[in-house]
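Enquirer: Take a look at start18.cif, mmCIF, C-alpha atoms and all ligand atoms:
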```cif
data_query
#
loop_
_atom_site.label_atom_id
_atom_site.label_comp_id
_atom_site.auth_asym_id
_atom_site.auth_seq_id
_atom_site.Cartn_x
_atom_site.Cartn_y
_atom_site.Cartn_z
CA MET A 39 0.00 0.00 0.00
CA ARG A 40 1.12 3.52 -0.82
CA SER A 41 1.54 5.95 2.08
CA VAL A 42 -0.52 9.11 2.32
CA ALA A 43 2.65 11.20 2.02
CA GLU A 44 3.70 9.37 -1.16
CA HIS A 45 0.30 9.83 -2.82
CA GLN A 46 0.32 13.50 -1.78
CA ARG A 47 3.66 13.87 -3.60
CA VAL A 48 2.36 12.12 -6.72
CA VAL A 49 -0.78 14.24 -6.95
CA ALA A 50 1.11 17.46 -6.19
CA GLY A 51 3.51 16.60 -9.01
CA LEU A 52 0.63 16.52 -11.50
CA ILE A 53 -0.84 19.93 -10.73
CA THR A 54 1.04 22.83 -12.30
CA ALA A 55 0.50 26.58 -12.59
CA ARG A 56 -0.91 28.08 -15.78
CA ASP A 57 0.90 30.84 -17.68
CA PRO A 58 0.18 34.36 -16.40
CA VAL A 59 -2.62 36.32 -18.07
CA ASP A 60 -3.91 39.89 -18.04
CA VAL A 61 -7.31 40.19 -16.39
CA ALA A 62 -9.57 43.19 -15.93
CA VAL A 63 -9.25 44.72 -12.47
CA GLY A 64 -12.91 43.93 -11.84
CA ASP A 65 -12.25 40.21 -12.30
CA ALA A 66 -9.02 39.99 -10.33
CA LEU A 67 -10.19 39.75 -6.72
CA GLY A 68 -8.45 36.90 -4.90
CA LEU A 69 -6.01 36.17 -7.71
CA VAL A 70 -2.27 36.35 -7.23
CA LEU A 71 -0.11 38.94 -8.99
CA ALA A 72 2.27 37.39 -11.53
CA ALA A 73 4.33 40.57 -11.88
CA ASP A 74 5.21 43.58 -9.77
CA VAL A 75 2.97 46.60 -10.23
CA VAL A 76 4.98 49.76 -10.97
CA ALA A 77 3.17 53.08 -10.57
CA PRO A 78 2.83 54.85 -13.94
CA LEU A 79 1.92 58.07 -12.16
CA ALA A 80 2.14 59.76 -8.78
CA LEU A 81 -0.52 59.70 -6.08
CA PRO A 82 -1.79 62.28 -5.40
CA GLY A 83 -1.29 63.41 -8.95
CA PHE A 84 -1.33 67.12 -7.97
CA ASP A 85 -1.24 69.25 -4.81
CA ASN A 86 -4.78 69.33 -3.48
CA SER A 87 -6.81 70.29 -0.47
CA ALA A 88 -7.19 67.88 2.43
CA MET A 89 -10.16 69.83 3.82
CA ASP A 90 -13.21 71.76 2.74
CA GLY A 91 -12.16 75.34 3.43
CA TYR A 92 -10.16 78.23 1.98
CA ALA A 93 -6.87 78.19 0.11
CA VAL A 94 -4.67 81.01 1.42
CA ILE A 95 -1.10 82.22 1.69
CA ALA A 96 -0.22 81.24 5.26
CA GLU A 97 1.39 84.63 6.00
CA ASP A 98 -1.88 86.42 5.11
CA VAL A 99 -3.63 84.77 8.07
CA ALA A 100 -0.69 84.63 10.48
CA ASP A 101 -2.40 87.00 12.93
CA ALA A 102 -5.88 85.49 12.78
CA THR A 103 -7.41 84.53 16.14
CA GLU A 104 -10.89 83.84 17.53
CA ASP A 105 -11.09 87.40 18.81
CA GLN A 106 -9.37 89.11 15.88
CA PRO A 107 -10.32 87.32 12.67
CA VAL A 108 -8.65 88.21 9.38
CA GLU A 109 -10.97 89.04 6.47
CA LEU A 110 -10.05 88.15 2.89
CA PRO A 111 -12.04 88.55 -0.36
CA VAL A 112 -13.02 85.18 -1.92
CA ALA A 113 -11.76 85.37 -5.50
CA GLU A 114 -12.56 81.84 -6.74
CA ASP A 115 -14.65 78.84 -5.88
CA ILE A 116 -12.84 75.52 -6.53
CA PRO A 117 -14.93 72.35 -6.31
CA ALA A 118 -13.25 68.95 -6.75
CA GLY A 119 -12.90 68.24 -10.45
CA ARG A 120 -12.18 71.81 -11.58
CA THR A 121 -9.53 71.49 -14.28
CA ASP A 122 -8.49 75.05 -15.19
CA ALA A 123 -5.22 76.42 -13.75
CA LEU A 124 -5.80 79.08 -11.09
CA VAL A 125 -3.45 81.51 -9.35
CA LEU A 126 -4.10 82.86 -5.86
CA ALA A 127 -3.31 86.56 -5.58
CA PRO A 128 -1.78 87.78 -2.28
CA GLY A 129 -4.40 89.11 0.09
CA THR A 130 -7.19 86.91 -1.30
CA ALA A 131 -8.64 83.47 -0.59
CA HIS A 132 -10.19 80.76 -2.78
CA ARG A 133 -13.00 78.65 -1.42
CA ILE A 134 -11.82 75.06 -2.00
CA MET A 135 -13.24 71.58 -1.46
CA THR A 136 -11.48 68.37 -0.40
CA GLY A 137 -9.57 66.87 -3.33
CA ALA A 138 -9.71 70.06 -5.43
CA PRO A 139 -6.42 71.30 -6.95
CA LEU A 140 -4.61 73.86 -4.85
CA PRO A 141 -4.26 77.14 -6.80
CA THR A 142 -0.71 78.20 -7.62
CA GLY A 143 0.59 80.53 -4.93
CA ALA A 144 -1.56 79.12 -2.11
CA THR A 145 0.47 77.57 0.70
CA ALA A 146 -2.19 76.26 3.09
CA VAL A 147 -5.89 75.59 3.59
CA VAL A 148 -8.00 76.98 6.42
CA PRO A 149 -10.77 74.52 7.37
CA VAL A 150 -14.28 75.86 6.81
CA GLU A 151 -15.01 75.23 10.51
CA ALA A 152 -12.58 78.05 11.42
CA THR A 153 -14.35 80.58 9.16
CA ASN A 154 -17.74 82.17 8.59
CA GLY A 155 -18.11 80.09 5.38
CA SER A 156 -18.72 83.14 3.19
CA THR A 157 -18.39 83.12 -0.62
CA GLU A 158 -17.77 86.89 -0.71
CA THR A 159 -15.51 87.95 2.16
CA VAL A 160 -14.32 85.18 4.39
CA SER A 161 -13.64 85.81 8.05
CA ILE A 162 -10.80 83.53 9.21
CA ARG A 163 -10.40 82.80 12.94
CA THR A 164 -7.21 80.73 12.91
CA SER A 165 -3.70 80.89 11.56
CA VAL A 166 -2.24 78.01 9.54
CA THR A 167 1.30 76.85 8.93
CA PRO A 168 2.61 76.54 5.36
CA GLY A 169 1.58 73.14 3.99
CA GLN A 170 -1.20 72.65 6.54
CA HIS A 171 -4.22 70.72 5.15
CA VAL A 172 -2.48 70.32 1.79
CA ARG A 173 -1.94 66.89 0.22
CA ARG A 174 1.27 67.09 -1.78
CA ALA A 175 1.66 65.48 -5.20
CA GLY A 176 3.45 62.13 -4.85
CA GLU A 177 3.32 61.98 -1.05
CA ASP A 178 1.54 58.59 -1.23
CA VAL A 179 3.20 57.14 -4.36
CA THR A 180 5.88 58.58 -6.61
CA ALA A 181 5.76 57.57 -10.27
CA GLY A 182 8.02 54.58 -10.96
CA THR A 183 7.67 53.06 -7.48
CA THR A 184 6.92 49.33 -7.18
CA VAL A 185 3.70 49.44 -5.19
CA LEU A 186 2.71 45.75 -5.23
CA ARG A 187 4.90 42.67 -5.56
CA ALA A 188 4.44 39.51 -7.62
CA GLY A 189 2.97 36.87 -5.33
CA GLN A 190 0.64 39.23 -3.48
CA VAL A 191 -3.03 38.31 -3.35
CA LEU A 192 -5.28 40.92 -4.90
CA THR A 193 -7.40 42.21 -2.05
CA PRO A 194 -10.05 44.93 -2.39
CA ALA A 195 -7.47 47.48 -1.19
CA ALA A 196 -4.85 46.30 -3.71
CA LEU A 197 -7.42 46.57 -6.50
CA GLY A 198 -8.30 50.06 -5.28
CA LEU A 199 -4.65 51.09 -5.54
CA ILE A 200 -4.35 49.61 -9.03
CA ALA A 201 -7.49 51.43 -10.13
CA ALA A 202 -6.22 54.70 -8.60
CA LEU A 203 -3.10 54.33 -10.74
CA GLY A 204 -5.32 54.21 -13.81
CA LEU A 205 -4.53 50.59 -14.64
CA GLY A 206 -7.43 48.67 -16.19
CA SER A 207 -5.92 45.22 -16.01
CA VAL A 208 -3.29 43.28 -14.10
CA GLU A 209 -1.05 40.30 -14.83
CA VAL A 210 -2.08 37.39 -12.61
CA ILE A 211 -1.70 33.66 -12.18
CA PRO A 212 -5.01 32.40 -13.54
CA ARG A 213 -7.35 30.15 -11.60
CA GLN A 214 -7.05 26.42 -12.17
CA ARG A 215 -9.95 25.07 -14.20
CA VAL A 216 -11.27 21.84 -12.72
CA LEU A 217 -13.58 19.30 -14.33
CA VAL A 218 -15.57 17.41 -11.69
CA MET A 219 -17.18 14.13 -12.80
CA SER A 220 -19.15 11.79 -10.62
CA THR A 221 -19.97 8.28 -11.71
CA GLY A 222 -22.66 5.80 -10.72
CA SER A 223 -25.75 4.34 -12.35
CA GLU A 224 -27.59 4.78 -9.04
CA LEU A 225 -27.24 8.58 -9.12
CA VAL A 226 -29.97 11.02 -10.06
CA ALA A 227 -30.06 14.79 -9.89
CA SER A 228 -32.21 16.69 -7.41
CA GLY A 229 -35.69 17.38 -8.73
CA THR A 230 -36.09 13.87 -10.17
CA PRO A 231 -38.21 11.44 -8.14
CA LEU A 232 -36.15 8.53 -6.79
CA GLN A 233 -36.80 5.01 -8.04
CA PRO A 234 -36.05 2.17 -5.61
CA GLY A 235 -32.27 1.77 -5.39
CA GLN A 236 -31.48 5.26 -6.61
CA ILE A 237 -29.86 8.04 -4.59
CA TYR A 238 -29.39 11.72 -5.16
CA GLU A 239 -26.04 12.74 -6.54
CA SER A 240 -24.03 14.67 -3.97
CA ASN A 241 -20.30 14.29 -4.68
CA ALA A 242 -20.20 16.47 -7.78
CA VAL A 243 -22.11 19.22 -5.97
CA MET A 244 -19.83 18.91 -2.94
CA LEU A 245 -16.55 18.75 -4.85
CA ALA A 246 -17.47 21.58 -7.19
CA ALA A 247 -18.08 23.68 -4.08
CA ALA A 248 -14.77 22.51 -2.59
CA VAL A 249 -12.98 23.48 -5.80
CA ARG A 250 -14.50 26.95 -5.72
CA ASP A 251 -13.83 27.26 -2.01
CA ALA A 252 -10.17 26.55 -2.78
CA GLY A 253 -10.18 29.50 -5.19
CA ALA A 254 -10.33 27.52 -8.44
CA ASP A 255 -12.95 27.44 -11.21
CA VAL A 256 -15.20 24.52 -12.09
CA VAL A 257 -15.41 24.01 -15.85
CA THR A 258 -18.15 21.41 -15.77
CA SER A 259 -19.60 19.32 -13.07
CA SER A 260 -21.26 16.24 -14.47
CA MET A 261 -22.46 12.77 -13.58
CA THR A 262 -22.34 9.72 -15.79
CA GLU A 263 -23.62 6.18 -15.58
CA ASP A 264 -21.32 3.23 -15.02
CA ASP A 265 -20.79 2.83 -18.76
CA VAL A 266 -17.26 2.87 -20.15
CA ASP A 267 -18.15 4.37 -23.52
CA LEU A 268 -20.35 7.10 -22.07
CA PHE A 269 -17.79 7.94 -19.41
CA ARG A 270 -14.88 8.13 -21.85
CA ALA A 271 -16.89 10.24 -24.29
CA GLU A 272 -17.85 12.71 -21.55
CA LEU A 273 -14.29 12.86 -20.27
CA GLN A 274 -12.80 13.38 -23.71
CA GLU A 275 -15.27 16.15 -24.50
CA HIS A 276 -14.35 18.22 -21.45
CA ALA A 277 -10.84 17.22 -20.36
CA ARG A 278 -9.06 19.53 -22.78
CA ASP A 279 -10.84 22.56 -21.29
CA ALA A 280 -9.56 21.71 -17.82
CA ASP A 281 -6.25 21.88 -15.97
CA LEU A 282 -7.34 19.07 -13.67
CA VAL A 283 -9.98 16.35 -13.76
CA ILE A 284 -11.43 15.00 -10.52
CA THR A 285 -13.66 11.92 -10.68
CA THR A 286 -15.51 10.16 -7.90
CA GLY A 287 -16.63 6.56 -7.66
CA GLY A 288 -15.84 3.56 -9.77
CA VAL A 289 -12.35 2.87 -8.43
CA SER A 290 -12.80 0.15 -5.81
CA ALA A 291 -12.59 -3.59 -6.00
CA GLY A 292 -16.11 -4.50 -7.17
CA ALA A 293 -17.54 -5.04 -10.64
CA TYR A 294 -18.83 -2.11 -12.72
CA GLU A 295 -15.94 0.09 -11.61
CA VAL A 296 -16.32 2.45 -14.53
CA VAL A 297 -13.38 4.75 -13.85
CA LYS A 298 -10.99 1.84 -13.38
CA ASP A 299 -12.36 -0.01 -16.41
CA SER A 300 -12.14 3.10 -18.59
CA LEU A 301 -8.69 4.39 -17.69
CA ARG A 302 -6.46 1.37 -17.10
CA ALA A 303 -3.92 2.74 -19.58
CA GLU A 304 -3.92 6.35 -18.37
CA VAL A 305 -4.33 6.13 -14.61
CA ASP A 306 -2.26 4.46 -11.92
CA PHE A 307 -4.83 2.92 -9.55
CA VAL A 308 -3.40 2.41 -6.08
CA LYS A 309 -4.37 1.61 -2.54
CA VAL A 310 -3.40 4.28 -0.05
CA ALA A 311 -2.94 3.37 3.61
CA MET A 312 -5.65 5.65 4.92
CA GLN A 313 -9.16 5.61 6.26
CA PRO A 314 -11.42 6.76 4.73
CA GLY A 315 -10.29 6.84 1.12
CA MET A 316 -8.17 3.78 0.42
CA PRO A 317 -8.79 3.36 -3.36
CA GLN A 318 -7.15 6.24 -5.23
CA GLY A 319 -5.72 6.90 -8.66
CA SER A 320 -3.86 9.53 -10.62
CA GLY A 321 -2.57 10.03 -14.13
CA VAL A 322 -3.02 12.06 -17.30
CA VAL A 323 -5.92 11.82 -19.78
CA TRP A 324 -5.92 13.62 -23.13
CA GLY A 325 -3.13 15.81 -21.82
CA THR A 326 -4.90 16.76 -18.58
CA PRO A 327 -3.96 15.55 -15.10
CA ILE A 328 -6.60 13.41 -13.44
CA VAL A 329 -7.16 12.36 -9.83
CA THR A 330 -9.71 9.61 -9.26
CA LEU A 331 -11.34 9.73 -5.85
CA PRO A 332 -13.45 7.03 -4.22
CA GLY A 333 -17.24 7.36 -4.35
CA ASN A 334 -18.22 7.32 -0.72
CA PRO A 335 -18.98 10.97 0.06
CA VAL A 336 -16.81 11.25 3.17
CA SER A 337 -13.93 9.51 1.37
CA ALA A 338 -14.32 11.82 -1.60
CA LEU A 339 -14.17 15.05 0.39
CA VAL A 340 -11.46 13.86 2.79
CA SER A 341 -9.40 12.76 -0.23
CA PHE A 342 -9.87 16.19 -1.81
CA GLU A 343 -8.68 17.79 1.42
CA VAL A 344 -5.70 15.48 1.85
CA PHE A 345 -4.46 15.26 -1.75
CA ILE A 346 -5.84 18.05 -3.93
CA ARG A 347 -6.67 21.23 -2.08
CA GLU A 348 -3.15 22.30 -1.15
CA PRO A 349 -1.41 21.70 -4.53
CA LEU A 350 -4.39 23.24 -6.33
CA ARG A 351 -4.03 26.41 -4.30
CA ALA A 352 -0.26 26.35 -4.59
CA ALA A 353 -0.62 26.21 -8.39
CA MET A 354 -2.55 29.47 -8.20
CA GLY A 355 0.30 31.01 -6.21
CA LEU A 356 -1.82 31.40 -3.09
CA PRO A 357 0.18 31.95 0.09
CA ARG A 358 -0.54 29.43 2.87
CA PRO A 359 -2.11 26.99 0.40
CA GLY A 360 -2.64 24.24 2.99
CA ARG A 361 -5.10 24.05 5.85
CA PRO A 362 -3.67 25.23 9.15
CA HIS A 363 -2.54 22.27 11.25
CA LEU A 364 -2.64 22.45 15.02
CA SER A 365 -2.36 20.16 17.98
CA ALA A 366 -5.42 19.69 20.18
CA ASN A 367 -6.20 17.40 23.08
CA LEU A 368 -8.81 14.69 22.63
CA ALA A 369 -11.94 15.23 24.72
CA GLU A 370 -12.76 11.50 24.56
CA PRO A 371 -10.79 8.30 23.91
CA LEU A 372 -10.44 7.07 20.33
CA THR A 373 -9.47 3.89 18.51
CA SER A 374 -7.91 3.73 15.07
CA PRO A 375 -7.04 0.86 12.70
CA ARG A 376 -3.40 -0.28 12.63
CA GLY A 377 -1.59 0.40 9.38
CA ARG A 378 -3.93 3.15 8.22
CA ARG A 379 -3.61 6.89 8.63
CA GLN A 380 -7.06 7.76 9.89
CA PHE A 381 -8.86 11.03 9.26
CA ARG A 382 -11.78 11.46 11.66
CA ARG A 383 -14.21 14.31 11.53
CA GLY A 384 -13.97 16.56 14.56
CA VAL A 385 -15.24 19.61 16.34
CA LEU A 386 -12.73 21.93 17.93
CA GLY A 387 -13.76 22.98 21.42
CA GLY A 388 -13.46 26.68 21.94
CA LEU A 389 -12.69 25.72 25.53
CA GLU A 390 -9.20 25.09 26.72
CA ASP A 391 -8.44 22.19 29.01
CA ARG A 392 -6.43 22.47 32.24
CA SER A 393 -3.10 22.51 30.36
CA GLY A 394 -4.29 25.46 28.29
CA ALA A 395 -4.56 23.41 25.08
CA THR A 396 -7.54 23.47 22.75
CA THR A 397 -9.67 20.35 22.97
CA VAL A 398 -11.13 18.43 20.06
CA THR A 399 -14.02 16.00 19.98
CA SER A 400 -14.23 13.26 17.38
CA TYR A 401 -17.54 13.77 15.62
CA GLY A 402 -19.53 10.89 14.14
CA PRO A 403 -18.54 7.34 13.24
CA PRO A 404 -15.44 6.55 11.16
CA ALA A 405 -17.42 4.98 8.29
CA SER A 406 -17.25 6.86 5.04
CA HIS A 407 -20.93 7.36 4.21
CA HIS A 408 -21.83 9.53 7.22
CA LEU A 409 -22.17 12.79 5.39
CA ARG A 410 -24.23 14.41 8.12
CA TRP A 411 -21.32 14.50 10.59
CA LEU A 412 -18.91 15.78 8.00
CA ALA A 413 -21.33 18.59 7.21
CA SER A 414 -21.11 20.00 10.73
CA ALA A 415 -17.49 19.16 11.53
CA ASP A 416 -14.95 21.98 11.58
CA CYS A 417 -11.77 19.94 11.53
CA LEU A 418 -10.16 16.64 10.60
CA LEU A 419 -8.25 14.61 13.18
CA GLU A 420 -5.19 12.94 11.69
CA ILE A 421 -4.14 9.77 13.49
CA ASP A 422 -0.88 8.03 12.57
CA GLU A 423 -0.74 4.57 11.01
CA ASP A 424 0.85 2.93 14.05
CA VAL A 425 -1.56 4.41 16.62
CA THR A 426 -4.48 2.18 17.58
CA GLU A 427 -5.71 3.72 20.81
CA LEU A 428 -5.68 7.22 22.12
CA PRO A 429 -6.85 7.96 25.67
CA ALA A 430 -8.79 11.13 26.45
CA GLY A 431 -6.41 14.07 26.80
CA SER A 432 -3.94 12.81 24.17
CA PRO A 433 -2.67 15.42 21.75
CA VAL A 434 -3.73 14.83 18.13
CA GLN A 435 -2.93 16.65 14.92
CA VAL A 436 -5.93 18.59 13.65
CA TRP A 437 -6.58 20.12 10.23
CA ASP A 438 -8.57 23.27 10.77
CA LEU A 439 -11.28 23.39 8.10
CA SER A 440 -12.81 26.61 9.32
P1 LIG A 501 -18.27 3.53 -5.64
O1 LIG A 501 -16.93 4.05 -5.24
O2 LIG A 501 -18.67 3.95 -6.99
O3 LIG A 501 -18.34 2.08 -5.44
O4 LIG A 501 -19.30 4.20 -4.64
C1 LIG A 501 -19.21 3.98 -3.25
C2 LIG A 501 -20.44 4.48 -2.55
O5 LIG A 501 -20.55 5.87 -2.72
C3 LIG A 501 -21.74 3.91 -3.07
O6 LIG A 501 -22.61 3.73 -1.97
C4 LIG A 501 -22.24 4.96 -4.01
O7 LIG A 501 -23.62 4.92 -4.18
C5 LIG A 501 -21.80 6.20 -3.30
N1 LIG A 501 -21.58 7.27 -4.27
C6 LIG A 501 -20.74 7.20 -5.33
N2 LIG A 501 -20.76 8.34 -6.04
C7 LIG A 501 -21.64 9.14 -5.41
C8 LIG A 501 -22.10 10.45 -5.68
N3 LIG A 501 -21.65 11.13 -6.73
N4 LIG A 501 -23.01 11.00 -4.85
C9 LIG A 501 -23.45 10.29 -3.78
N5 LIG A 501 -23.05 9.08 -3.47
C10 LIG A 501 -22.17 8.48 -4.28
MG MG A 502 -20.07 3.61 -8.29
#
```
Would you write out, as structure tokens, the structure that this file holds?
Ligand code: AMP
Ligand code: MG
Expert:
Amino acid sequence: MRSVAEHQRVVAGLITARDPVDVAVGDALGLVLAADVVAPLALPGFDNSAMDGYAVIAEDVADATEDQPVELPVAEDIPAGRTDALVLAPGTAHRIMTGAPLPTGATAVVPVEATNGSTETVSIRTSVTPGQHVRRAGEDVTAGTTVLRAGQVLTPAALGLIAALGLGSVEVIPRQRVLVMSTGSELVASGTPLQPGQIYESNAVMLAAAVRDAGADVVTSSMTEDDVDLFRAELQEHARDADLVITTGGVSAGAYEVVKDSLRAEVDFVKVAMQPGMPQGSGVVWGTPIVTLPGNPVSALVSFEVFIREPLRAAMGLPRPGRPHLSANLAEPLTSPRGRRQFRRGVLGGLEDRSGATTVTSYGPPASHHLRWLASADCLLEIDEDVTELPAGSPVQVWDLS
């Protein structure tokens, strides 16, 4: 049997980054920069007012106080967006709004709160120092500065900066495109009445969501019957549009194992020493990497977590691609099969035990069809191959899914 670590290496080796592309700023949230962003212009682009108030020459109001205001004629009114070049004559003021260009000659802005607010003759009750309430050109960014580095995730703030620099698109590492295919003649889609022996398809829905949650795109999410010709036709039609194919079902030891029967030449089917999720496979079909997951829902999602999520995110350049791992103390005793790395569903206790460690409770039975418990778990407990019994209070490794 292959170890979990070995299968992780094999799958990670299949998943590779796509070439960088230019995307519109509006579509770039969450993507990773493929190149540094160099400012083509300065921010602010021109000296402008930091307050609503009056542009003045600081010396003209040097003696202004509450008791002895200075009066100046208001020669211009400058709202934000005014584009003509203005000059402030000594002994005058211009009414000016936040973000409006400072007239040539002005050295400071008096806030409107320290004036009578007039548009004719303004009465100014405070002095200002040269430069006060003025935002200087380039004080945030000078043209030619590297403002964002390759490898940074595009957050709303980063996109705001890029937009402020007048850039309409950015060079990013594109999302991985993942084809999700579930197999099984017993599966039907929601909305269709169930015949005896049929079940509603859930793996494709679940894995497509897991793919998106990992930051990747789903190209198609489909289900096919256990029919080799149908399965291969569906796979061939969509594989070339994808960077990765994920299948579920049809890989265990029974008859009618459609994935195994269809891809003997292309996929290496192996047993991995883990529970759940022993039957696994990986390879390349029509030029696209493929990972074949078992059909039991818990096995399918745990396998995605253990083998696919981290390399998928790494291929998109995302920092911290893996789930955070932590150590927590078991609230209750646990048994685990010898020779298998067991992944149990768990709930992290917000409470700390007497040693100050976080506690974790194993949640639901180990069998791989108990979807309900998985749905409300917030972590996976990872128990080593050689461990068979863990008393309450033992430290265990936990994958934080939250
Ligand atoms: P298989 O690996 O195909 O033998 O499937 C193992 C178990 O998982 C069976 O009980 C299947 O009915 C179930 N199963 C397989 N695929 C799905 C799916 N897409 N949605 C829900 N259950 C599934
Ligand atoms: Mg099946």
Enquirer: From the options A:Val61, A:Val310, A:Ala127, A:Val249, which residue's atoms come nearest to Leu197 (chain A), counting only C-alpha atoms?
Expert: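 Of A:Val61, A:Val310, A:Ala127, A:Val249, the one nearest Leu197 (chain A), counting only C-alpha atoms, is A:Val61.
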Enquirer: Which distance in Å separates CA of Ile284 (chain A) and CA of Leu350 (chain A), to one decimal?
Expert: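 Atom-to-atom, CA of Ile284 (chain A) to CA of Leu350 (chain A), that is 11.6 Å.
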Enquirer: Can you work out the spacing between CA of Leu67 (chain A) and CA of Glu343 (chain A) in Å, to one decimal?
Expert: 23.5 Å
Enquirer: As a CSV table (one decimal) with C-alpha atoms, in the frame of the given file, please: every protein or nucleic acid residue near ligand MG 502 (chain A) (cut-off 9 Å, counting only C-alpha atoms and all ligand atoms).
Expert:
```csv
chain,number,residue,atom,x,y,z
A,220,SER,CA,-19.2,11.8,-10.6
A,221,THR,CA,-20.0,8.3,-11.7
A,222,GLY,CA,-22.7,5.8,-10.7
A,223,SER,CA,-25.8,4.3,-12.4
A,224,GLU,CA,-27.6,4.8,-9.0
A,225,LEU,CA,-27.2,8.6,-9.1
A,263,GLU,CA,-23.6,6.2,-15.6
A,264,ASP,CA,-21.3,3.2,-15.0
A,286,THR,CA,-15.5,10.2,-7.9
A,287,GLY,CA,-16.6,6.6,-7.7
A,288,GLY,CA,-15.8,3.6,-9.8
A,289,VAL,CA,-12.4,2.9,-8.4
A,290,SER,CA,-12.8,0.2,-5.8
A,294,TYR,CA,-18.8,-2.1,-12.7
A,295,GLU,CA,-15.9,0.1,-11.6
A,296,VAL,CA,-16.3,2.4,-14.5
A,297,VAL,CA,-13.4,4.8,-13.8
A,332,PRO,CA,-13.4,7.0,-4.2
A,333,GLY,CA,-17.2,7.4,-4.4
A,334,ASN,CA,-18.2,7.3,-0.7
```
Enquirer: Work out how far CA of Pro149 (chain A) is from CA of Ala102 (chain A), in Å to one decimal.
Expert: 13.2 Å
Enquirer: For Thr54 (chain A), which residue out of A:Gln236, A:Ser414, A:Ser440, A:Gln214 is the nearest one, using only C-alpha atoms?
Expert: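 That would be A:Gln214, the residue with the smallest distance to Thr54 (chain A).
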Enquirer: Do you know which residues lie at most 12 Å from (-20.1, 10.7, 14.8), with coordinates as in the file and all atoms listed in the file counted, and could you write them as a VMD selection string?
Expert: chain A and resid 372 382 to 385 399 to 415
Enquirer: Which residue gives the smallest distance to ligand LIG 501 (chain A) among A:Val323, A:Ala369, A:Arg379, A:Gly315, with all atoms listed in the file counted?
Expert: A:Gly315
Enquirer: Considering all atoms listed in the file, state which residue in the set A:Met244, A:Leu301, A:Val283, A:Leu386 is at the smallest distance from ligand LIG 501 (chain A).
Expert: A:Met244
Enquirer: Rank nothing, just name the residue among A:Pro168, A:Arg187, A:Leu203, A:Ala50 nearest to Pro78 (chain A), using all atoms listed in the file.
Expert: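 Closest to Pro78 (chain A) of all the choices is A:Leu203.
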Enquirer: So which residues touch Asp424 (chain A) within 12 Å, counting only C-alpha atoms, skipping near sequence neighbours fewer than 2 positions away, as a list in words?
Expert: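 Using only C-alpha atoms, the neighbours found are Ala311, Met312, Thr373, Ser374, Pro375, Arg376, Gly377, Arg378, Arg379, Gln380, Glu420, Ile421, Asp422, Thr426, Glu427 and Leu428 of chain A.
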Enquirer: Just checking: using all atoms listed in the file, which residue out of A:Phe345, A:Trp437, A:Phe307, A:Phe381 ends up closest to Leu52 (chain A)?
Expert: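 Once distances to Leu52 (chain A) are computed over all atoms listed in the file, the minimum belongs to A:Phe345.
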